[in-house]
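Peer 1: Input structure: my_file.pdb, which contains PDB, C-alpha atoms.
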```pdb
MODEL        1
ATOM      1  CA  MET A 265     -20.956  24.542  -1.490
ATOM      2  CA  LYS A 266     -22.006  21.482   0.541
ATOM      3  CA  THR A 267     -18.497  20.185   1.219
ATOM      4  CA  LYS A 268     -15.799  22.575   2.342
ATOM      5  CA  PHE A 269     -12.598  21.580   0.540
ATOM      6  CA  PHE A 270     -10.592  24.567   1.736
ATOM      7  CA  THR A 271     -10.742  27.287   4.382
ATOM      8  CA  GLY A 272      -9.525  30.123   2.170
ATOM      9  CA  GLN A 273      -7.064  31.156   4.889
ATOM     10  CA  GLY A 274      -3.943  29.233   3.862
ATOM     11  CA  ASP A 275      -2.178  26.762   6.105
ATOM     12  CA  LYS A 276       1.272  28.381   6.436
ATOM     13  CA  GLY A 277       2.927  25.075   5.556
ATOM     14  CA  GLN A 278       1.275  23.084   8.318
ATOM     15  CA  SER A 279      -1.393  20.427   8.559
ATOM     16  CA  ALA A 280      -3.688  19.982  11.526
ATOM     17  CA  PHE A 281      -5.196  16.896  13.082
ATOM     18  CA  GLY A 282      -7.436  17.770  15.978
ATOM     19  CA  LYS A 283      -5.779  20.612  17.838
ATOM     20  CA  LYS A 284      -2.223  19.627  16.898
ATOM     21  CA  LYS A 285      -0.257  20.890  13.884
ATOM     22  CA  LEU A 286       2.799  19.553  12.118
ATOM     23  CA  PRO A 287       4.882  21.041   9.314
ATOM     24  CA  LYS A 288       4.040  19.559   5.922
ATOM     25  CA  ASP A 289       7.622  18.391   5.447
ATOM     26  CA  ASN A 290       7.338  16.099   8.492
ATOM     27  CA  ALA A 291       8.166  12.448   7.700
ATOM     28  CA  LEU A 292       4.583  11.563   8.624
ATOM     29  CA  PHE A 293       3.269  13.280   5.510
ATOM     30  CA  ASP A 294       5.713  11.449   3.258
ATOM     31  CA  LEU A 295       4.347   8.208   4.686
ATOM     32  CA  LEU A 296       0.701   9.266   4.448
ATOM     33  CA  GLY A 297       1.211  10.557   0.909
ATOM     34  CA  ASP A 298       2.859   7.330  -0.235
ATOM     35  CA  LEU A 299       0.051   5.285   1.329
ATOM     36  CA  ASP A 300      -2.554   7.489  -0.352
ATOM     37  CA  GLU A 301      -0.811   7.155  -3.718
ATOM     38  CA  LEU A 302      -0.627   3.385  -3.252
ATOM     39  CA  ASN A 303      -4.318   3.205  -2.429
ATOM     40  CA  SER A 304      -5.139   5.215  -5.560
ATOM     41  CA  TRP A 305      -3.044   2.895  -7.758
ATOM     42  CA  ILE A 306      -4.750  -0.106  -6.237
ATOM     43  CA  GLY A 307      -8.077   1.500  -7.124
ATOM     44  CA  PHE A 308      -6.812   1.959 -10.677
ATOM     45  CA  ALA A 309      -5.813  -1.720 -10.778
ATOM     46  CA  ARG A 310      -9.233  -2.762  -9.439
ATOM     47  CA  VAL A 311     -10.842  -1.236 -12.533
ATOM     48  CA  GLU A 312      -9.223  -4.040 -14.580
ATOM     49  CA  ALA A 313      -9.355  -6.795 -11.956
ATOM     50  CA  LYS A 314     -11.905  -9.567 -11.985
ATOM     51  CA  LYS A 315     -13.797 -10.697  -8.896
ATOM     52  CA  ASP A 316     -11.095 -12.736  -7.130
ATOM     53  CA  MET A 317      -8.280 -10.229  -7.539
ATOM     54  CA  GLY A 318     -10.646  -7.305  -7.157
ATOM     55  CA  GLU A 319     -11.719  -8.532  -3.724
ATOM     56  CA  ILE A 320      -8.102  -8.978  -2.637
ATOM     57  CA  LEU A 321      -7.273  -5.457  -3.789
ATOM     58  CA  LYS A 322     -10.316  -4.000  -2.045
ATOM     59  CA  MET A 323      -9.285  -5.730   1.193
ATOM     60  CA  VAL A 324      -5.818  -4.168   0.929
ATOM     61  CA  GLN A 325      -7.360  -0.744   0.308
ATOM     62  CA  GLN A 326      -9.400  -1.091   3.481
ATOM     63  CA  ASP A 327      -6.283  -2.125   5.403
ATOM     64  CA  LEU A 328      -4.382   0.884   4.071
ATOM     65  CA  PHE A 329      -6.980   3.204   5.580
ATOM     66  CA  VAL A 330      -6.404   1.515   8.934
ATOM     67  CA  ILE A 331      -2.642   1.979   8.495
ATOM     68  CA  GLN A 332      -3.076   5.655   7.611
ATOM     69  CA  ALA A 333      -5.211   6.227  10.707
ATOM     70  CA  GLU A 334      -2.693   4.444  12.915
ATOM     71  CA  ALA A 335       0.214   6.421  11.422
ATOM     72  CA  ALA A 336      -1.625   9.749  11.780
ATOM     73  CA  VAL A 337      -2.553   9.108  15.404
ATOM     74  CA  THR A 338       1.035   8.090  16.151
ATOM     75  CA  GLY A 339       2.538  11.005  14.236
ATOM     76  CA  PHE A 340       0.412  13.618  15.916
ATOM     77  CA  GLY A 341       1.030  12.077  19.331
ATOM     78  CA  TYR A 342      -2.495  11.000  20.148
ATOM     79  CA  GLU A 343      -3.252   7.867  22.103
ATOM     80  CA  ALA A 344      -4.573   5.147  19.820
ATOM     81  CA  ARG A 345      -7.866   4.180  21.450
ATOM     82  CA  GLY A 346     -11.112   3.056  19.956
ATOM     83  CA  PHE A 347     -10.094   2.170  16.404
ATOM     84  CA  SER A 348      -8.759  -0.943  14.763
ATOM     85  CA  LYS A 349      -5.086  -1.453  14.093
ATOM     86  CA  ILE A 350      -3.200  -3.716  11.769
ATOM     87  CA  ASP A 351      -2.566  -7.004  13.509
ATOM     88  CA  ALA A 352      -0.514 -10.087  12.698
ATOM     89  CA  GLY A 353      -3.645 -11.827  11.379
ATOM     90  CA  ARG A 354      -3.912  -9.395   8.477
ATOM     91  CA  THR A 355      -0.312 -10.082   7.508
ATOM     92  CA  ARG A 356      -0.863 -13.835   7.746
ATOM     93  CA  ASN A 357      -3.881 -13.438   5.470
ATOM     94  CA  ILE A 358      -1.702 -11.744   2.845
ATOM     95  CA  GLU A 359       0.915 -14.477   3.218
ATOM     96  CA  ARG A 360      -1.759 -17.146   2.618
ATOM     97  CA  ILE A 361      -2.879 -15.331  -0.544
ATOM     98  CA  ILE A 362       0.714 -15.111  -1.803
ATOM     99  CA  GLU A 363       1.240 -18.833  -1.112
ATOM    100  CA  ALA A 364      -1.991 -19.739  -2.928
ATOM    101  CA  LEU A 365      -1.007 -17.627  -5.948
ATOM    102  CA  ASP A 366       2.495 -19.099  -5.959
ATOM    103  CA  LYS A 367       1.035 -22.606  -6.326
ATOM    104  CA  LYS A 368      -0.647 -21.469  -9.559
ATOM    105  CA  LEU A 369       2.505 -19.934 -11.043
ATOM    106  CA  PRO A 370       5.653 -21.402 -12.559
ATOM    107  CA  PRO A 371       8.837 -21.132 -10.498
ATOM    108  CA  ILE A 372      10.923 -17.994 -11.007
ATOM    109  CA  ARG A 373      14.291 -18.723 -12.570
ATOM    110  CA  LYS A 374      15.211 -15.200 -13.727
ATOM    111  CA  PHE A 375      14.164 -11.613 -13.149
ATOM    112  CA  ILE A 376      10.900 -10.684 -14.856
ATOM    113  CA  LEU A 377      10.281  -7.518 -16.847
ATOM    114  CA  PRO A 378       7.370  -5.536 -15.394
ATOM    115  CA  GLY A 379       4.242  -5.252 -17.499
ATOM    116  CA  GLY A 380       2.677  -7.633 -19.950
ATOM    117  CA  SER A 381      -1.018  -7.059 -19.499
ATOM    118  CA  GLU A 382      -2.741  -3.828 -18.436
ATOM    119  CA  LEU A 383      -3.605  -5.205 -14.994
ATOM    120  CA  SER A 384      -0.129  -6.613 -14.426
ATOM    121  CA  ALA A 385       1.458  -3.253 -15.280
ATOM    122  CA  ARG A 386      -0.838  -1.454 -12.823
ATOM    123  CA  LEU A 387       0.015  -3.992 -10.120
ATOM    124  CA  ASP A 388       3.730  -3.544 -10.848
ATOM    125  CA  ILE A 389       3.352   0.181 -10.189
ATOM    126  CA  ALA A 390       1.482  -0.599  -6.966
ATOM    127  CA  ARG A 391       4.395  -2.890  -6.021
ATOM    128  CA  VAL A 392       7.023  -0.162  -6.332
ATOM    129  CA  ILE A 393       4.841   2.374  -4.509
ATOM    130  CA  ALA A 394       4.338  -0.187  -1.726
ATOM    131  CA  ARG A 395       8.110  -0.455  -1.414
ATOM    132  CA  ARG A 396       8.411   3.330  -1.241
ATOM    133  CA  ALA A 397       5.676   3.472   1.409
ATOM    134  CA  GLU A 398       7.529   0.849   3.422
ATOM    135  CA  ARG A 399      10.743   2.902   3.236
ATOM    136  CA  ALA A 400       8.796   5.980   4.361
ATOM    137  CA  ALA A 401       7.388   3.977   7.281
ATOM    138  CA  VAL A 402      10.872   2.842   8.293
ATOM    139  CA  ARG A 403      12.123   6.463   8.205
ATOM    140  CA  PHE A 404       9.118   7.664  10.190
ATOM    141  CA  ASN A 405       9.584   4.822  12.674
ATOM    142  CA  ARG A 406      12.979   6.274  13.665
ATOM    143  CA  THR A 407      11.244   9.191  15.380
ATOM    144  CA  LYS A 408       7.770   7.887  16.242
ATOM    145  CA  LYS A 409       7.299   4.176  16.802
ATOM    146  CA  LEU A 410       4.816   2.374  14.585
ATOM    147  CA  SER A 411       3.608  -1.065  15.570
ATOM    148  CA  PRO A 412       5.772  -3.975  14.396
ATOM    149  CA  GLU A 413       2.621  -5.473  12.838
ATOM    150  CA  LEU A 414       2.107  -2.382  10.673
ATOM    151  CA  LEU A 415       5.720  -2.518   9.440
ATOM    152  CA  GLN A 416       5.478  -6.241   8.730
ATOM    153  CA  PHE A 417       2.219  -5.767   6.815
ATOM    154  CA  LEU A 418       3.806  -3.083   4.623
ATOM    155  CA  ASN A 419       6.768  -5.377   4.018
ATOM    156  CA  ARG A 420       4.482  -8.093   2.631
ATOM    157  CA  LEU A 421       2.517  -5.801   0.309
ATOM    158  CA  SER A 422       5.139  -5.590  -2.420
ATOM    159  CA  SER A 423       5.332  -9.401  -2.502
ATOM    160  CA  LEU A 424       1.552  -9.577  -2.801
ATOM    161  CA  PHE A 425       1.515  -7.161  -5.745
ATOM    162  CA  PHE A 426       4.352  -9.043  -7.435
ATOM    163  CA  ALA A 427       2.450 -12.326  -7.109
ATOM    164  CA  LEU A 428      -0.789 -10.700  -8.299
ATOM    165  CA  ALA A 429       0.970  -9.143 -11.306
ATOM    166  CA  ARG A 430       2.376 -12.525 -12.319
ATOM    167  CA  TYR A 431      -1.028 -14.144 -11.796
ATOM    168  CA  ALA A 432      -2.755 -11.456 -13.879
ATOM    169  CA  ASN A 433      -0.435 -12.203 -16.803
ATOM    170  CA  ARG A 434      -0.883 -15.941 -16.361
ATOM    171  CA  LYS A 435      -4.685 -15.621 -16.473
ATOM    172  CA  LYS A 436      -4.446 -13.525 -19.662
ATOM    173  CA  GLY A 437      -2.003 -15.987 -21.262
ATOM    174  CA  VAL A 438       0.765 -13.373 -21.361
ATOM    175  CA  LYS A 439       4.213 -14.953 -21.293
ATOM    176  CA  GLU A 440       6.659 -13.531 -18.776
ATOM    177  CA  GLU A 441       9.663 -11.825 -20.319
ATOM    178  CA  ASN A 442      13.122 -11.763 -18.814
ATOM    179  CA  PRO A 443      15.690  -8.979 -19.120
ATOM    180  CA  LYS A 444      18.594  -9.576 -21.465
ATOM    181  CA  TYR A 445      21.955  -8.708 -19.942
TER     182      TYR A 445
ENDMDL
END
```
Can the structure in the file be given as structure tokens, please?
Peer 2:
Amino acid sequence: MKTKFFTGQGDKGQSAFGKKKLPKDNALFDLLGDLDELNSWIGFARVEAKKDMGEILKMVQQDLFVIQAEAAVTGFGYEARGFSKIDAGRTRNIERIIEALDKKLPPIRKFILPGGSELSARLDIARVIARRAERAAVRFNRTKKLSPELLQFLNRLSSLFFALARYANRKKGVKEENPKY
């Protein structure tokens, strides 16, 4: 086997990063797992996305890897040297994308039912996973401090996916549906 996917020794409920180990029920792994799940859903959405949205989604996937690295280094107590971190510029970039999409969409007057088109439904799932990842980051941040820029970036992601989901339906000519109370 060229790639070693397992040691065959068992991990006794711990994960290692460098020489340090943490129990698998540490809040860090909830955060990393949610970020990994989010990245996978974004990949699933990219399968349906056209060039413009596909490039936006790919950019977010790249940023999520940076976030995961930053969270892992912080969680394991290593000093964060020599790798990129999420900065305020990345969040501003997402905000600009949201603003540009908003100009192409009708104003929201009521809640909108998730779904519509295939791509919109996938983006709606990414939206709720982004919210869960943000909650996991906030919980983790109580014990190990993440950068404010990382937390702000995660906060904007759900808004980005909401705007992209609406835009995906608009491009497909799918009318937004509202819940009936």
Peer 1: Grab the atom CA of A:Val330 to atom CA of A:Arg399 distance for me, in Å with one decimal place.
Peer 2: 18.1 Å
Peer 1: Quick check, in Å to one decimal: how far apart do atom CA of A:Glu334 and atom CA of A:Gly307 lie?
Peer 2: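 Going from atom CA of A:Glu334 over to atom CA of A:Gly307, I get 21.0 Å.
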Peer 1: From the list A:Glu440, A:Ala352, A:Glu319, A:Val311, which residue is nearest A:Pro371 when using all atoms listed in the file?
Peer 2: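 For A:Pro371, the nearest of the candidates is A:Glu440.
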Peer 1: Need the shell around A:Phe340: protein/DNA/RNA residues with any atom at most 7 Å away, counting all atoms listed in the file. Skip same-chain ones fewer than 3 positions apart. Format as number ranges by chain?
Peer 2: A: 284, 336-337
Peer 1: Select, counting only C-alpha atoms, all protein, DNA and RNA residues no farther than 9 Å from (2.6, 0.7, -7.5) in file coordinates, and express the selection as a JSON list (two decimals) with C-alpha atoms, keeping the file's coordinate frame.
Peer 2:
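File written: point.json
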```
[["chain", "number", "residue", "atom", "x", "y", "z"],
["A", 301, "GLU", "CA", -0.81, 7.16, -3.72],
["A", 302, "LEU", "CA", -0.63, 3.38, -3.25],
["A", 303, "ASN", "CA", -4.32, 3.20, -2.43],
["A", 305, "TRP", "CA", -3.04, 2.90, -7.76],
["A", 306, "ILE", "CA", -4.75, -0.11, -6.24],
["A", 385, "ALA", "CA", 1.46, -3.25, -15.28],
["A", 386, "ARG", "CA", -0.84, -1.45, -12.82],
["A", 387, "LEU", "CA", 0.02, -3.99, -10.12],
["A", 388, "ASP", "CA", 3.73, -3.54, -10.85],
["A", 389, "ILE", "CA", 3.35, 0.18, -10.19],
["A", 390, "ALA", "CA", 1.48, -0.60, -6.97],
["A", 391, "ARG", "CA", 4.39, -2.89, -6.02],
["A", 392, "VAL", "CA", 7.02, -0.16, -6.33],
["A", 393, "ILE", "CA", 4.84, 2.37, -4.51],
["A", 394, "ALA", "CA", 4.34, -0.19, -1.73],
["A", 395, "ARG", "CA", 8.11, -0.46, -1.41],
["A", 396, "ARG", "CA", 8.41, 3.33, -1.24],
["A", 422, "SER", "CA", 5.14, -5.59, -2.42],
["A", 425, "PHE", "CA", 1.52, -7.16, -5.74]]
```
Peer 1: Evaluate the PyMOL selection byres ((chain A and resi 318) around 12) on the structure here and hand back the selected residues as number ranges by chain.
Peer 2: A: 306-317, 319-325, 383, 387, 428, 432
Peer 1: Interatomic distance between atom CA of A:Lys349 and atom CA of A:Gln416?
Peer 2: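 It comes out at 12.8 Å.
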Peer 1: Take the PyMOL selection byres ((chain A and resi 403) around 12), run it mentally on this structure, and tell me the resulting residues as a list in words.
Peer 2: Asn290, Ala291, Leu292, Phe293, Asp294, Leu295, Arg396, Ala397, Glu398, Arg399, Ala400, Ala401, Val402, Phe404, Asn405, Arg406, Thr407, Lys408, Lys409, Leu410 and Leu415 of chain A
Peer 1: Report as a list of chain:residue names all protein, DNA and RNA residues lying within 9 Å of A:Ile358, evaluated on all atoms listed in the file, omitting residues in the same chain fewer than 3 positions from it.
Peer 2: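 Counting only the stated atoms, we get A:Ile320, A:Val324, A:Gly353, A:Arg354, A:Thr355, A:Ile361, A:Ile362, A:Glu363, A:Phe417, A:Arg420, A:Leu421, A:Leu424.
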Peer 1: Which one of A:Asp366, A:Asp351, A:Arg430, A:Lys435 sits closest to A:Pro412 if you count all atoms listed in the file?
Peer 2: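 When distances to A:Pro412 are compared using all atoms listed in the file, the smallest one comes from A:Asp351.
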Peer 1: Can you pull out every residue within 9 Å of A:Leu377, counting all atoms listed in the file, but drop anything in the same chain fewer than 4 positions away, and send it as a PyMOL selection string?
Peer 2: chain A and resi 440-443
Peer 1: If we count all atoms listed in the file, what is near A:Gln278 at a cut-off of 8 Å, once residues fewer than 5 positions away on the same chain are taken out, given as number ranges by chain?
Peer 2: A: 285-288
Peer 1: Check the smallest atom-to-atom distance from each of A:Phe269, A:Lys439, A:Leu418, A:Asp289 to A:Gln332 using only C-alpha atoms, then report the winner.
Peer 2: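 Once distances to A:Gln332 are computed over only C-alpha atoms, the minimum belongs to A:Leu418.
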Peer 1: Can you report as JSON the centre and edge lengths in Å, to one decimal, of an axis-aligned box around the listed atoms of stretch 380-385 of chain A padded with 8 Å on each side?
Peer 2:
```
{"center_x": -0.5, "center_y": -5.4, "center_z": -17.2, "size_x": 22.3, "size_y": 20.4, "size_z": 21.5}
```
Peer 1: Which is closer to A:Pro378 than all the others in A:Gln326, A:Asn433, A:Asn419, A:Ser348, using all atoms listed in the file?
Peer 2: A:Asn433
Peer 1: With only C-alpha atoms as the atoms that count, which of A:Ser304, A:Tyr445, A:Ile331, A:Gly339 lies nearest to A:Leu414?
Peer 2: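 Between A:Ser304, A:Tyr445, A:Ile331, A:Gly339, the residue approaching A:Leu414 most closely is A:Ile331.
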Peer 1: Quick one: of A:Lys268, A:Lys374, A:Asp327, A:Lys283, who's nearest to A:Lys444, counting only C-alpha atoms?
Peer 2: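 Checking each of A:Lys268, A:Lys374, A:Asp327, A:Lys283 against A:Lys444, counting only C-alpha atoms, the winner is A:Lys374.
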